[in-house]
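Just below is one structure, and these are the notes that go with it.
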Amino acid sequence: MTVVLRNVSKTFTARQNEQLLALDNISATVAKGEFLCILGPSGCGKTTLLRMIGGLDHPTSGEIVVGGTPVTGPDPRLAMIFQEYSLYPWRTVRANVGFGLQMRGMPDEEREEIVNRFIGLVGLEGFGDSYPYELSGGMRQRVAVARALATDPAVLLMDEPFGALDARTRNRMQKELLFIWEKTKKTVMFVTHSVDEAVFLADRIMVLSARPGRIAGIYDVDIPRPRDRTSVEFATIRRNVLEFIDRLEHSQ
Amino acid sequence: MKWYLKIIPLLFLLVAWEVVSVLLNNPFILPEPVSVAAVLFKPTADILGSGSILDNSLLSIWRVALGFGLAVACAVPAGIIIGRYRPVEELVNPIIQLFRPIPPLAWVPLALAWFKIGLPSMVFIIFIGSFFPILINSIDGVRRVNRTWIETAAIYGAKGWKLLAYVILPAAAPVIWTGLRVGFGVAWMCVVAAEMLPGTNSGIGYLIMYSYNWGQVQVIIAGMIVIGIIGIGVDILFREVEKRKFQWQEMNR
């Protein structure tokens, strides 16, 4: 499903009624099945942008259209994965993965089958009856990914989902995410502040500037997958993006 | 620490008690431990025509169950509503803050005026005593539910009672449970105090007051020990459930 952002702006009202422009006139089209990374420094409003697409926040002006219909609130076609710990600690892995389906009123037997499939897809066979506190950080995020995929959304919104993981786990999770994405062909919008992560994952990188967030540039990453971080092409694109961000910071 | 080390202070207390009681040699001030034990070991024996320790304890437990149950039934739903809706909290908070510091026993004269002597006024006192700890904890538990958990639920379309039943209640349950435990403690103190009011003629609190009138100090002490044991017993029960059901809360940090 395509995601269209049309002149999306967001203003927050801070203390003393001061108006704070967080996002300024964002327009973009994300194609069906595309992997888009939104890259930007902290405070550039990238999380806000993702939250608005997910229906948790509302644009002050402009419009977000998914598959032809505007987003007005949380929408079953979109699932969001948060950076922070979002699993329900009183639920087992199985019950966490099945949460979305349960909320939609799917009967238990039917749910069981889907839940097992996605637990398998994220490589957590045998952990179905474990509780989140028994799992490592990487495994927890896999549960969150499985929970999102189980509801079969067309668009996956990911807000720095691997930000809290150590470097090795993070690299492994990126590979697994690509594997899952290639299998399921979801549209993915992935927020990160890591250039390396963006170049490794994305078809396209949308670079946002800091306060207010504006689209500063869009990069196509046309390296075939699997990508090799040590390759020359990878290094070239990463350097280009880094230089671009540097120039951006100096010009502000 | 090993359990047998922990009972050493208890044994020391017992020995000290024995020594002091022998030195005093006055059972109307401090009877020997043996005579108290004699009362404790016959919990079904009638005491001065007022029924046995067991019967009176059960009666007290029943009264607490009524008052405490009523408090839970009112305070938990009220706490959830207040904790969930900020404007409601701002509206009722002054009332809560005003009533909370009033000790349950200060309600006794009013309880007597409204309900006369008897079960209803006792239940009322117990209700008042346990209502506020349960209410405060329920409000706090609901308010402290992780925002990401609620937003995740919103993403998956959970609204209304589903959000309440599957996310807010289980997330707030450990704090609400602490409220119940504290509330029960207060309720238990209230029942004993309420049973000492003039006009009462049953219950473990009544029994020890009545024994005082007859100079039966060994019954007073035995009754106090029973009150303590029941209090600890219920508290342990609450903690056990907490350990089993809400393990996730400890491990989650």
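For the structure tokens, the naming scheme is as follows: chains receive sequential letters (A, B, ...) according to their order of presentation, residues are indexed from 1 within each chain, and ligands are indexed from 1 in presentation order.
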Any chance you could tabulate, as JSON lines, the residues of chain B at most 10 Å from chain A with each one's nearest atom pair and distance in Å to one decimal, using only C-alpha atoms, in chain and rising number order?
```
{"residue": "B:Asn146", "atom": "CA", "partner": "A:Ser86", "partner_atom": "CA", "distance": 8.6}
{"residue": "B:Arg147", "atom": "CA", "partner": "A:Ser86", "partner_atom": "CA", "distance": 9.1}
{"residue": "B:Thr148", "atom": "CA", "partner": "A:Ser86", "partner_atom": "CA", "distance": 5.8}
{"residue": "B:Trp149", "atom": "CA", "partner": "A:Ser86", "partner_atom": "CA", "distance": 5.7}
{"residue": "B:Ile150", "atom": "CA", "partner": "A:Ser86", "partner_atom": "CA", "distance": 9.2}
{"residue": "B:Glu151", "atom": "CA", "partner": "A:Leu56", "partner_atom": "CA", "distance": 7.3}
{"residue": "B:Thr152", "atom": "CA", "partner": "A:Ser86", "partner_atom": "CA", "distance": 6.9}
{"residue": "B:Ala153", "atom": "CA", "partner": "A:Gly100", "partner_atom": "CA", "distance": 7.9}
{"residue": "B:Ala154", "atom": "CA", "partner": "A:Pro74", "partner_atom": "CA", "distance": 6.3}
{"residue": "B:Ile155", "atom": "CA", "partner": "A:Pro74", "partner_atom": "CA", "distance": 5.2}
{"residue": "B:Tyr156", "atom": "CA", "partner": "A:Gly100", "partner_atom": "CA", "distance": 5.0}
{"residue": "B:Gly157", "atom": "CA", "partner": "A:Pro74", "partner_atom": "CA", "distance": 6.6}
{"residue": "B:Ala158", "atom": "CA", "partner": "A:Met103", "partner_atom": "CA", "distance": 5.7}
{"residue": "B:Lys159", "atom": "CA", "partner": "A:Met103", "partner_atom": "CA", "distance": 8.8}
{"residue": "B:Lys162", "atom": "CA", "partner": "A:Met103", "partner_atom": "CA", "distance": 7.2}
{"residue": "B:Leu163", "atom": "CA", "partner": "A:Met103", "partner_atom": "CA", "distance": 8.7}
{"residue": "B:Tyr166", "atom": "CA", "partner": "A:Met103", "partner_atom": "CA", "distance": 8.8}
{"residue": "B:Val167", "atom": "CA", "partner": "A:Tyr88", "partner_atom": "CA", "distance": 7.9}
{"residue": "B:Pro170", "atom": "CA", "partner": "A:Trp90", "partner_atom": "CA", "distance": 7.3}
{"residue": "B:Ala171", "atom": "CA", "partner": "A:Trp90", "partner_atom": "CA", "distance": 7.8}
{"residue": "B:Lys245", "atom": "CA", "partner": "A:Trp90", "partner_atom": "CA", "distance": 8.6}
{"residue": "B:Phe246", "atom": "CA", "partner": "A:Trp90", "partner_atom": "CA", "distance": 7.6}
{"residue": "B:Gln247", "atom": "CA", "partner": "A:Trp90", "partner_atom": "CA", "distance": 8.4}
{"residue": "B:Trp248", "atom": "CA", "partner": "A:Pro89", "partner_atom": "CA", "distance": 5.9}
{"residue": "B:Gln249", "atom": "CA", "partner": "A:Pro89", "partner_atom": "CA", "distance": 7.6}
{"residue": "B:Glu250", "atom": "CA", "partner": "A:Tyr133", "partner_atom": "CA", "distance": 9.3}
{"residue": "B:Met251", "atom": "CA", "partner": "A:Tyr133", "partner_atom": "CA", "distance": 5.9}
{"residue": "B:Asn252", "atom": "CA", "partner": "A:Tyr133", "partner_atom": "CA", "distance": 5.6}
{"residue": "B:Arg253", "atom": "CA", "partner": "A:Tyr133", "partner_atom": "CA", "distance": 8.6}
```
Just N, CA and C atoms for this one: save the residues we selected as an mmCIF file, in the first residue's frame.
```cif
data_model
loop_
_atom_site.group_PDB
_atom_site.id
_atom_site.type_symbol
_atom_site.label_atom_id
_atom_site.label_comp_id
_atom_site.auth_asym_id
_atom_site.auth_seq_id
_atom_site.Cartn_x
_atom_site.Cartn_y
_atom_site.Cartn_z
ATOM 1 N N ASN B 146 2.304 2.431 31.870
ATOM 2 C CA ASN B 146 3.225 2.832 30.811
ATOM 3 C C ASN B 146 2.472 3.351 29.572
ATOM 4 N N ARG B 147 2.840 4.540 29.124
ATOM 5 C CA ARG B 147 2.137 5.147 27.997
ATOM 6 C C ARG B 147 2.298 4.318 26.719
ATOM 7 N N THR B 148 3.481 3.739 26.559
ATOM 8 C CA THR B 148 3.717 2.932 25.361
ATOM 9 C C THR B 148 2.776 1.728 25.309
ATOM 10 N N TRP B 149 2.460 1.169 26.471
ATOM 11 C CA TRP B 149 1.532 0.025 26.494
ATOM 12 C C TRP B 149 0.156 0.445 25.990
ATOM 13 N N ILE B 150 -0.263 1.642 26.405
ATOM 14 C CA ILE B 150 -1.583 2.127 25.987
ATOM 15 C C ILE B 150 -1.566 2.465 24.496
ATOM 16 N N GLU B 151 -0.459 3.068 24.038
ATOM 17 C CA GLU B 151 -0.375 3.413 22.615
ATOM 18 C C GLU B 151 -0.287 2.166 21.745
ATOM 19 N N THR B 152 0.436 1.168 22.231
ATOM 20 C CA THR B 152 0.489 -0.100 21.496
ATOM 21 C C THR B 152 -0.923 -0.675 21.357
ATOM 22 N N ALA B 153 -1.666 -0.607 22.440
ATOM 23 C CA ALA B 153 -3.039 -1.102 22.399
ATOM 24 C C ALA B 153 -3.864 -0.311 21.383
ATOM 25 N N ALA B 154 -3.636 1.006 21.351
ATOM 26 C CA ALA B 154 -4.368 1.845 20.397
ATOM 27 C C ALA B 154 -4.019 1.437 18.963
ATOM 28 N N ILE B 155 -2.743 1.170 18.717
ATOM 29 C CA ILE B 155 -2.301 0.740 17.387
ATOM 30 C C ILE B 155 -3.077 -0.512 16.952
ATOM 31 N N TYR B 156 -3.297 -1.410 17.885
ATOM 32 C CA TYR B 156 -4.004 -2.651 17.533
ATOM 33 C C TYR B 156 -5.513 -2.540 17.730
ATOM 34 N N GLY B 157 -5.988 -1.325 17.881
ATOM 35 C CA GLY B 157 -7.425 -1.090 17.875
ATOM 36 C C GLY B 157 -8.135 -1.403 19.182
ATOM 37 N N ALA B 158 -7.383 -1.535 20.297
ATOM 38 C CA ALA B 158 -8.057 -1.808 21.571
ATOM 39 C C ALA B 158 -8.643 -0.516 22.117
ATOM 40 N N LYS B 159 -9.939 -0.551 22.402
ATOM 41 C CA LYS B 159 -10.630 0.628 22.915
ATOM 42 C C LYS B 159 -11.564 0.190 24.034
ATOM 43 N N LYS B 162 -12.102 -3.288 26.286
ATOM 44 C CA LYS B 162 -10.976 -4.165 25.926
ATOM 45 C C LYS B 162 -9.664 -3.578 26.400
ATOM 46 N N LEU B 163 -9.505 -2.283 26.190
ATOM 47 C CA LEU B 163 -8.312 -1.588 26.664
ATOM 48 C C LEU B 163 -8.217 -1.732 28.183
ATOM 49 N N TYR B 166 -7.692 -5.738 29.116
ATOM 50 C CA TYR B 166 -6.488 -6.429 28.653
ATOM 51 C C TYR B 166 -5.203 -5.639 28.882
ATOM 52 N N VAL B 167 -5.310 -4.352 29.108
ATOM 53 C CA VAL B 167 -4.079 -3.573 29.275
ATOM 54 C C VAL B 167 -4.054 -2.832 30.619
ATOM 55 N N PRO B 170 -4.552 -5.280 33.994
ATOM 56 C CA PRO B 170 -3.378 -6.101 34.300
ATOM 57 C C PRO B 170 -2.136 -5.281 34.596
ATOM 58 N N ALA B 171 -1.994 -4.123 33.937
ATOM 59 C CA ALA B 171 -0.808 -3.307 34.176
ATOM 60 C C ALA B 171 -0.853 -2.660 35.559
ATOM 61 N N LYS B 245 1.677 -14.003 41.062
ATOM 62 C CA LYS B 245 0.961 -13.419 39.939
ATOM 63 C C LYS B 245 1.696 -12.235 39.323
ATOM 64 N N PHE B 246 2.429 -11.503 40.152
ATOM 65 C CA PHE B 246 2.998 -10.244 39.654
ATOM 66 C C PHE B 246 4.514 -10.289 39.614
ATOM 67 N N GLN B 247 5.014 -11.478 39.394
ATOM 68 C CA GLN B 247 6.449 -11.673 39.307
ATOM 69 C C GLN B 247 7.045 -10.753 38.242
ATOM 70 N N TRP B 248 6.291 -10.559 37.157
ATOM 71 C CA TRP B 248 6.796 -9.767 36.045
ATOM 72 C C TRP B 248 7.218 -8.370 36.456
ATOM 73 N N GLN B 249 6.549 -7.847 37.498
ATOM 74 C CA GLN B 249 6.828 -6.476 37.880
ATOM 75 C C GLN B 249 8.237 -6.326 38.437
ATOM 76 N N GLU B 250 8.652 -7.285 39.252
ATOM 77 C CA GLU B 250 9.993 -7.259 39.813
ATOM 78 C C GLU B 250 11.042 -7.465 38.724
ATOM 79 N N MET B 251 10.784 -8.463 37.875
ATOM 80 C CA MET B 251 11.776 -8.882 36.889
ATOM 81 C C MET B 251 11.907 -7.874 35.759
ATOM 82 N N ASN B 252 10.902 -7.024 35.647
ATOM 83 C CA ASN B 252 10.824 -6.138 34.495
ATOM 84 C C ASN B 252 11.827 -4.999 34.581
ATOM 85 N N ARG B 253 12.315 -4.749 35.791
ATOM 86 C CA ARG B 253 13.160 -3.559 35.960
ATOM 87 C C ARG B 253 14.542 -3.761 35.397
#
```
DSSP helix (DSSP H, G or I) selection over stretch 40-148 of chain B, as an MDAnalysis selection string: chainID B and resid 40 53:84 86:99 104:115 119:143 147:148
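In this comparison, which uses only C-alpha atoms, the residue of B:Asn25, B:Ser130, B:Gln218, B:Asn201 approaching B:Ala65 most closely is B:Ser130.
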Spatial neighbours of A:Arg204, max dist 7 Å, only C-alpha atoms, sep filter under 2 positions, as a ChimeraX atom specification: /A:35-37,202,206,218-221
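Non-sequential neighbours of B:Ser121 (distance at most 7 Å, separation of 5 or more positions within a chain, only C-alpha atoms) are Ala111, Leu112, Phe115 and Lys116 of chain B.
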Store the residues of this selection in a file with N, CA, C and O atoms, as a PDB file, in the first residue's frame.
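What ended up in part.pdb:
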```
ATOM      1  N   ALA B 111     -20.917   7.014  62.910  1.00  0.00           N
ATOM      2  CA  ALA B 111     -21.409   5.686  62.548  1.00  0.00           C
ATOM      3  C   ALA B 111     -22.512   5.259  63.513  1.00  0.00           C
ATOM      4  O   ALA B 111     -23.555   4.733  63.105  1.00  0.00           O
ATOM      5  N   LEU B 112     -22.297   5.536  64.807  1.00  0.00           N
ATOM      6  CA  LEU B 112     -23.316   5.159  65.802  1.00  0.00           C
ATOM      7  C   LEU B 112     -24.584   5.961  65.600  1.00  0.00           C
ATOM      8  O   LEU B 112     -25.696   5.443  65.694  1.00  0.00           O
ATOM      9  N   PHE B 115     -26.098   4.447  62.150  1.00  0.00           N
ATOM     10  CA  PHE B 115     -26.457   3.021  62.026  1.00  0.00           C
ATOM     11  C   PHE B 115     -26.777   2.343  63.353  1.00  0.00           C
ATOM     12  O   PHE B 115     -27.066   1.164  63.390  1.00  0.00           O
ATOM     13  N   LYS B 116     -26.672   3.099  64.459  1.00  0.00           N
ATOM     14  CA  LYS B 116     -26.842   2.520  65.805  1.00  0.00           C
ATOM     15  C   LYS B 116     -25.771   1.456  66.057  1.00  0.00           C
ATOM     16  O   LYS B 116     -24.951   1.152  65.182  1.00  0.00           O
TER      17      LYS B 116
END
```
Secondary structure check, strand (DSSP E) residues of stretch 9-186 of chain A, as a ChimeraX atom specification: /A:9-13,19-30,35-39,61-66,69-70,78-81,155-159
Write the residues of the preceding selection, restricted to N, CA, C and O atoms, as a short mmCIF file (atom, residue, chain, number, x, y, z; two decimals), in the first residue's frame.
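Written file, again-v3.cif:
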```cif
data_model
loop_
_atom_site.label_atom_id
_atom_site.label_comp_id
_atom_site.auth_asym_id
_atom_site.auth_seq_id
_atom_site.Cartn_x
_atom_site.Cartn_y
_atom_site.Cartn_z
N SER A 9 2.45 19.29 8.23
CA SER A 9 3.14 20.14 9.22
C SER A 9 2.59 19.84 10.59
O SER A 9 1.44 19.43 10.74
N LYS A 10 3.44 20.04 11.59
CA LYS A 10 2.98 19.83 12.96
C LYS A 10 3.52 20.94 13.84
O LYS A 10 4.72 21.21 13.86
N THR A 11 2.62 21.59 14.55
CA THR A 11 3.01 22.64 15.49
C THR A 11 2.60 22.21 16.88
O THR A 11 1.47 21.77 17.09
N PHE A 12 3.53 22.28 17.81
CA PHE A 12 3.18 22.00 19.20
C PHE A 12 3.00 23.31 19.94
O PHE A 12 3.68 24.29 19.66
N THR A 13 2.08 23.30 20.89
CA THR A 13 1.93 24.47 21.73
C THR A 13 2.74 24.24 23.00
O THR A 13 2.40 23.38 23.80
N GLN A 19 4.24 28.89 20.08
CA GLN A 19 4.05 27.90 19.03
C GLN A 19 5.39 27.35 18.59
O GLN A 19 6.33 28.10 18.32
N LEU A 20 5.50 26.04 18.54
CA LEU A 20 6.76 25.41 18.20
C LEU A 20 6.55 24.57 16.95
O LEU A 20 5.80 23.60 16.97
N LEU A 21 7.20 24.96 15.86
CA LEU A 21 7.04 24.22 14.62
C LEU A 21 7.97 23.00 14.64
O LEU A 21 9.19 23.14 14.69
N ALA A 22 7.38 21.83 14.64
CA ALA A 22 8.18 20.61 14.73
C ALA A 22 8.47 20.03 13.34
O ALA A 22 9.58 19.59 13.07
N LEU A 23 7.46 20.03 12.51
CA LEU A 23 7.63 19.50 11.15
C LEU A 23 7.05 20.51 10.18
O LEU A 23 5.97 21.05 10.40
N ASP A 24 7.82 20.75 9.10
CA ASP A 24 7.41 21.82 8.20
C ASP A 24 7.23 21.27 6.79
O ASP A 24 8.19 20.89 6.13
N ASN A 25 5.98 21.18 6.39
CA ASN A 25 5.65 20.94 5.00
C ASN A 25 6.33 19.71 4.40
O ASN A 25 7.06 19.79 3.43
N ILE A 26 6.05 18.56 5.00
CA ILE A 26 6.65 17.31 4.52
C ILE A 26 5.74 16.71 3.45
O ILE A 26 4.57 16.45 3.69
N SER A 27 6.30 16.50 2.25
CA SER A 27 5.55 15.83 1.20
C SER A 27 6.39 14.70 0.65
O SER A 27 7.57 14.89 0.36
N ALA A 28 5.80 13.53 0.52
CA ALA A 28 6.55 12.39 -0.01
C ALA A 28 5.58 11.29 -0.38
O ALA A 28 4.44 11.27 0.10
N THR A 29 6.01 10.41 -1.25
CA THR A 29 5.22 9.24 -1.58
C THR A 29 6.09 8.01 -1.37
O THR A 29 7.21 7.93 -1.87
N VAL A 30 5.56 7.07 -0.58
CA VAL A 30 6.28 5.83 -0.34
C VAL A 30 5.55 4.73 -1.10
O VAL A 30 4.35 4.53 -0.90
N PHE A 35 11.13 0.05 1.12
CA PHE A 35 11.75 0.20 2.43
C PHE A 35 12.34 1.59 2.50
O PHE A 35 13.35 1.88 1.89
N LEU A 36 11.67 2.47 3.24
CA LEU A 36 12.12 3.86 3.36
C LEU A 36 12.69 4.09 4.76
O LEU A 36 12.06 3.75 5.76
N CYS A 37 13.88 4.66 4.82
CA CYS A 37 14.42 5.07 6.11
C CYS A 37 14.30 6.57 6.27
O CYS A 37 14.58 7.33 5.33
N ILE A 38 13.85 6.99 7.44
CA ILE A 38 13.78 8.41 7.75
C ILE A 38 14.94 8.69 8.70
O ILE A 38 15.00 8.15 9.80
N LEU A 39 15.87 9.52 8.22
CA LEU A 39 17.11 9.73 8.95
C LEU A 39 17.16 11.17 9.43
O LEU A 39 16.87 12.09 8.66
N SER A 61 -1.47 20.67 9.87
CA SER A 61 -2.04 20.89 8.54
C SER A 61 -1.48 19.84 7.60
O SER A 61 -0.50 19.16 7.92
N GLY A 62 -2.11 19.69 6.46
CA GLY A 62 -1.68 18.67 5.52
C GLY A 62 -2.42 17.37 5.76
O GLY A 62 -3.31 17.29 6.61
N GLU A 63 -2.02 16.35 5.02
CA GLU A 63 -2.83 15.15 4.98
C GLU A 63 -1.92 13.93 4.79
O GLU A 63 -0.91 13.99 4.10
N ILE A 64 -2.31 12.82 5.42
CA ILE A 64 -1.60 11.57 5.24
C ILE A 64 -2.59 10.57 4.64
O ILE A 64 -3.65 10.34 5.21
N VAL A 65 -2.25 10.03 3.48
CA VAL A 65 -3.17 9.14 2.79
C VAL A 65 -2.50 7.78 2.61
O VAL A 65 -1.39 7.68 2.08
N VAL A 66 -3.16 6.74 3.08
CA VAL A 66 -2.63 5.39 2.95
C VAL A 66 -3.57 4.58 2.07
O VAL A 66 -4.77 4.48 2.38
N THR A 69 -7.01 6.18 1.27
CA THR A 69 -7.87 6.77 2.29
C THR A 69 -7.03 7.47 3.35
O THR A 69 -5.98 6.97 3.74
N PRO A 70 -7.49 8.64 3.79
CA PRO A 70 -6.71 9.40 4.77
C PRO A 70 -6.68 8.72 6.14
O PRO A 70 -7.63 8.04 6.52
N LEU A 78 -1.95 -0.28 9.40
CA LEU A 78 -0.63 0.16 9.82
C LEU A 78 -0.30 -0.44 11.18
O LEU A 78 -1.16 -0.46 12.06
N ALA A 79 0.94 -0.93 11.34
CA ALA A 79 1.36 -1.37 12.67
C ALA A 79 2.65 -0.65 13.01
O ALA A 79 3.45 -0.35 12.14
N MET A 80 2.80 -0.36 14.30
CA MET A 80 3.96 0.43 14.71
C MET A 80 4.79 -0.35 15.72
O MET A 80 4.25 -1.01 16.60
N ILE A 81 6.10 -0.25 15.56
CA ILE A 81 7.02 -0.88 16.51
C ILE A 81 7.83 0.22 17.18
O ILE A 81 8.44 1.04 16.51
N VAL A 155 1.51 -1.70 6.04
CA VAL A 155 2.64 -0.81 6.30
C VAL A 155 3.17 -1.05 7.70
O VAL A 155 2.40 -1.13 8.67
N LEU A 156 4.48 -1.16 7.80
CA LEU A 156 5.14 -1.37 9.08
C LEU A 156 5.88 -0.08 9.44
O LEU A 156 6.75 0.37 8.69
N LEU A 157 5.52 0.51 10.57
CA LEU A 157 6.19 1.74 11.01
C LEU A 157 7.14 1.37 12.13
O LEU A 157 6.72 0.80 13.13
N MET A 158 8.41 1.68 11.96
CA MET A 158 9.38 1.27 12.98
C MET A 158 10.13 2.49 13.49
O MET A 158 10.79 3.18 12.74
N ASP A 159 10.01 2.74 14.80
CA ASP A 159 10.63 3.92 15.39
C ASP A 159 11.90 3.52 16.13
O ASP A 159 11.85 3.14 17.29
#
```
Selection: 8 Å around A:Gly40, only C-alpha atoms, excl. self and same-chain fewer than 4 positions, as an MDAnalysis selection string: chainID A and resid 44 46 192:193 207:210
Near-B:Arg100 list (12 Å; only C-alpha atoms; drop same-chain fewer than 3 positions) as a list in words: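 The filter keeps Asn93, Pro94, Ile95, Ile96, Gln97, Pro103, Pro104, Ala106, Trp107, Ile128, Gly129, Ser130, Phe131, Phe132, Pro133, Ile134, Leu135 and Ile136 of chain B.
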Prev. selection, all heavy atoms, output as a compact mmCIF listing (two decimals), in the first residue's frame:
```
# COMPACT_ATOMS: atom_id res chain seq x y z
N ASN B 93 -10.17 15.28 43.85
CA ASN B 93 -8.98 15.24 44.68
C ASN B 93 -9.11 16.03 46.00
O ASN B 93 -8.71 15.53 47.05
CB ASN B 93 -7.76 15.71 43.88
CG ASN B 93 -6.48 15.26 44.53
OD1 ASN B 93 -6.40 14.16 45.05
ND2 ASN B 93 -5.49 16.12 44.54
N PRO B 94 -9.69 17.25 45.97
CA PRO B 94 -9.84 17.95 47.25
C PRO B 94 -10.64 17.16 48.27
O PRO B 94 -10.31 17.14 49.46
CB PRO B 94 -10.60 19.23 46.85
CG PRO B 94 -10.35 19.39 45.39
CD PRO B 94 -10.16 18.03 44.83
N ILE B 95 -11.68 16.46 47.79
CA ILE B 95 -12.50 15.67 48.72
C ILE B 95 -11.66 14.55 49.32
O ILE B 95 -11.66 14.31 50.53
CB ILE B 95 -13.72 15.06 47.98
CG1 ILE B 95 -14.52 16.19 47.32
CG2 ILE B 95 -14.58 14.26 48.94
CD1 ILE B 95 -15.68 15.69 46.48
N ILE B 96 -10.92 13.84 48.45
CA ILE B 96 -10.10 12.74 48.93
C ILE B 96 -9.09 13.24 49.95
O ILE B 96 -8.93 12.66 51.02
CB ILE B 96 -9.36 12.06 47.75
CG1 ILE B 96 -10.37 11.45 46.77
CG2 ILE B 96 -8.41 10.99 48.26
CD1 ILE B 96 -9.73 10.90 45.52
N GLN B 97 -8.41 14.35 49.61
CA GLN B 97 -7.38 14.86 50.51
C GLN B 97 -7.97 15.29 51.85
O GLN B 97 -7.31 15.18 52.88
CB GLN B 97 -6.64 16.04 49.86
CG GLN B 97 -5.85 15.68 48.62
CD GLN B 97 -4.97 14.45 48.80
OE1 GLN B 97 -4.45 14.18 49.89
NE2 GLN B 97 -4.80 13.67 47.75
N PRO B 103 -8.89 9.75 60.91
CA PRO B 103 -8.72 8.35 61.33
C PRO B 103 -10.08 7.64 61.33
O PRO B 103 -11.10 8.25 61.67
CB PRO B 103 -8.17 8.45 62.74
CG PRO B 103 -7.88 9.88 62.99
CD PRO B 103 -8.58 10.70 61.96
N PRO B 104 -10.11 6.37 60.97
CA PRO B 104 -11.38 5.63 60.93
C PRO B 104 -12.14 5.73 62.25
O PRO B 104 -13.37 5.83 62.26
CB PRO B 104 -10.94 4.20 60.66
CG PRO B 104 -9.60 4.29 60.03
CD PRO B 104 -8.97 5.56 60.50
N ALA B 106 -12.37 8.17 64.23
CA ALA B 106 -13.07 9.45 64.37
C ALA B 106 -14.47 9.38 63.76
O ALA B 106 -15.31 10.23 64.01
CB ALA B 106 -12.25 10.57 63.73
N TRP B 107 -14.69 8.35 62.94
CA TRP B 107 -16.01 8.18 62.33
C TRP B 107 -16.98 7.46 63.26
O TRP B 107 -18.17 7.36 62.96
CB TRP B 107 -15.88 7.37 61.04
CG TRP B 107 -15.29 8.13 59.90
CD1 TRP B 107 -13.97 8.29 59.63
CD2 TRP B 107 -16.00 8.84 58.88
NE1 TRP B 107 -13.80 9.04 58.51
CE2 TRP B 107 -15.04 9.40 58.02
CE3 TRP B 107 -17.36 9.06 58.61
CZ2 TRP B 107 -15.37 10.15 56.90
CZ3 TRP B 107 -17.70 9.81 57.51
CH2 TRP B 107 -16.71 10.35 56.66
N ILE B 128 -14.67 2.49 55.84
CA ILE B 128 -13.97 3.78 55.79
C ILE B 128 -12.46 3.57 55.91
O ILE B 128 -11.66 4.16 55.19
CB ILE B 128 -14.47 4.70 56.94
CG1 ILE B 128 -15.89 5.16 56.67
CG2 ILE B 128 -13.53 5.89 57.10
CD1 ILE B 128 -16.02 6.20 55.58
N GLY B 129 -12.09 2.67 56.83
CA GLY B 129 -10.65 2.45 57.06
C GLY B 129 -9.93 1.90 55.86
O GLY B 129 -8.82 2.32 55.53
N SER B 130 -10.55 0.95 55.17
CA SER B 130 -9.82 0.31 54.06
C SER B 130 -10.08 1.02 52.72
O SER B 130 -9.34 0.83 51.78
CB SER B 130 -10.18 -1.17 53.95
OG SER B 130 -11.56 -1.36 54.02
N PHE B 131 -11.10 1.85 52.66
CA PHE B 131 -11.46 2.50 51.40
C PHE B 131 -10.31 3.34 50.84
O PHE B 131 -9.93 3.21 49.69
CB PHE B 131 -12.71 3.37 51.60
CG PHE B 131 -13.17 4.08 50.37
CD1 PHE B 131 -13.95 3.42 49.42
CD2 PHE B 131 -12.83 5.41 50.13
CE1 PHE B 131 -14.37 4.06 48.27
CE2 PHE B 131 -13.25 6.06 48.98
CZ PHE B 131 -14.02 5.39 48.05
N PHE B 132 -9.72 4.19 51.69
CA PHE B 132 -8.74 5.15 51.16
C PHE B 132 -7.44 4.53 50.68
O PHE B 132 -6.97 4.87 49.59
CB PHE B 132 -8.54 6.30 52.15
CG PHE B 132 -9.71 7.24 52.16
CD1 PHE B 132 -10.65 7.20 53.18
CD2 PHE B 132 -9.91 8.11 51.11
CE1 PHE B 132 -11.76 8.02 53.16
CE2 PHE B 132 -11.02 8.96 51.08
CZ PHE B 132 -11.94 8.92 52.11
N PRO B 133 -6.84 3.60 51.45
CA PRO B 133 -5.63 2.98 50.88
C PRO B 133 -5.89 2.29 49.54
O PRO B 133 -5.08 2.38 48.62
CB PRO B 133 -5.22 1.93 51.93
CG PRO B 133 -5.99 2.24 53.15
CD PRO B 133 -7.11 3.15 52.82
N ILE B 134 -7.05 1.64 49.42
CA ILE B 134 -7.36 0.96 48.16
C ILE B 134 -7.58 1.98 47.05
O ILE B 134 -7.06 1.84 45.94
CB ILE B 134 -8.60 0.05 48.32
CG1 ILE B 134 -8.39 -0.98 49.42
CG2 ILE B 134 -8.93 -0.66 47.01
CD1 ILE B 134 -9.62 -1.79 49.76
N LEU B 135 -8.31 3.04 47.37
CA LEU B 135 -8.59 4.07 46.37
C LEU B 135 -7.30 4.73 45.88
O LEU B 135 -7.06 4.83 44.67
CB LEU B 135 -9.52 5.14 46.96
CG LEU B 135 -9.89 6.26 45.99
CD1 LEU B 135 -10.90 5.75 44.96
CD2 LEU B 135 -10.45 7.47 46.72
N ILE B 136 -6.46 5.15 46.82
CA ILE B 136 -5.23 5.87 46.46
C ILE B 136 -4.35 4.98 45.57
O ILE B 136 -3.82 5.42 44.55
CB ILE B 136 -4.45 6.27 47.74
CG1 ILE B 136 -5.31 7.13 48.66
CG2 ILE B 136 -3.14 6.97 47.37
CD1 ILE B 136 -5.67 8.48 48.15
```
Non-local contacts of stretch 177-180 of chain A (10 Å; only C-alpha atoms; under 5 positions in same chain excluded) as a ChimeraX atom specification: /A:35,121-122,142,145-146,149,171-172,185-186,200-202,225-226
Distance of atom CA of B:Cys74 from atom CA of B:Gly185, expressed in Å to one decimal place: 17.6 Å
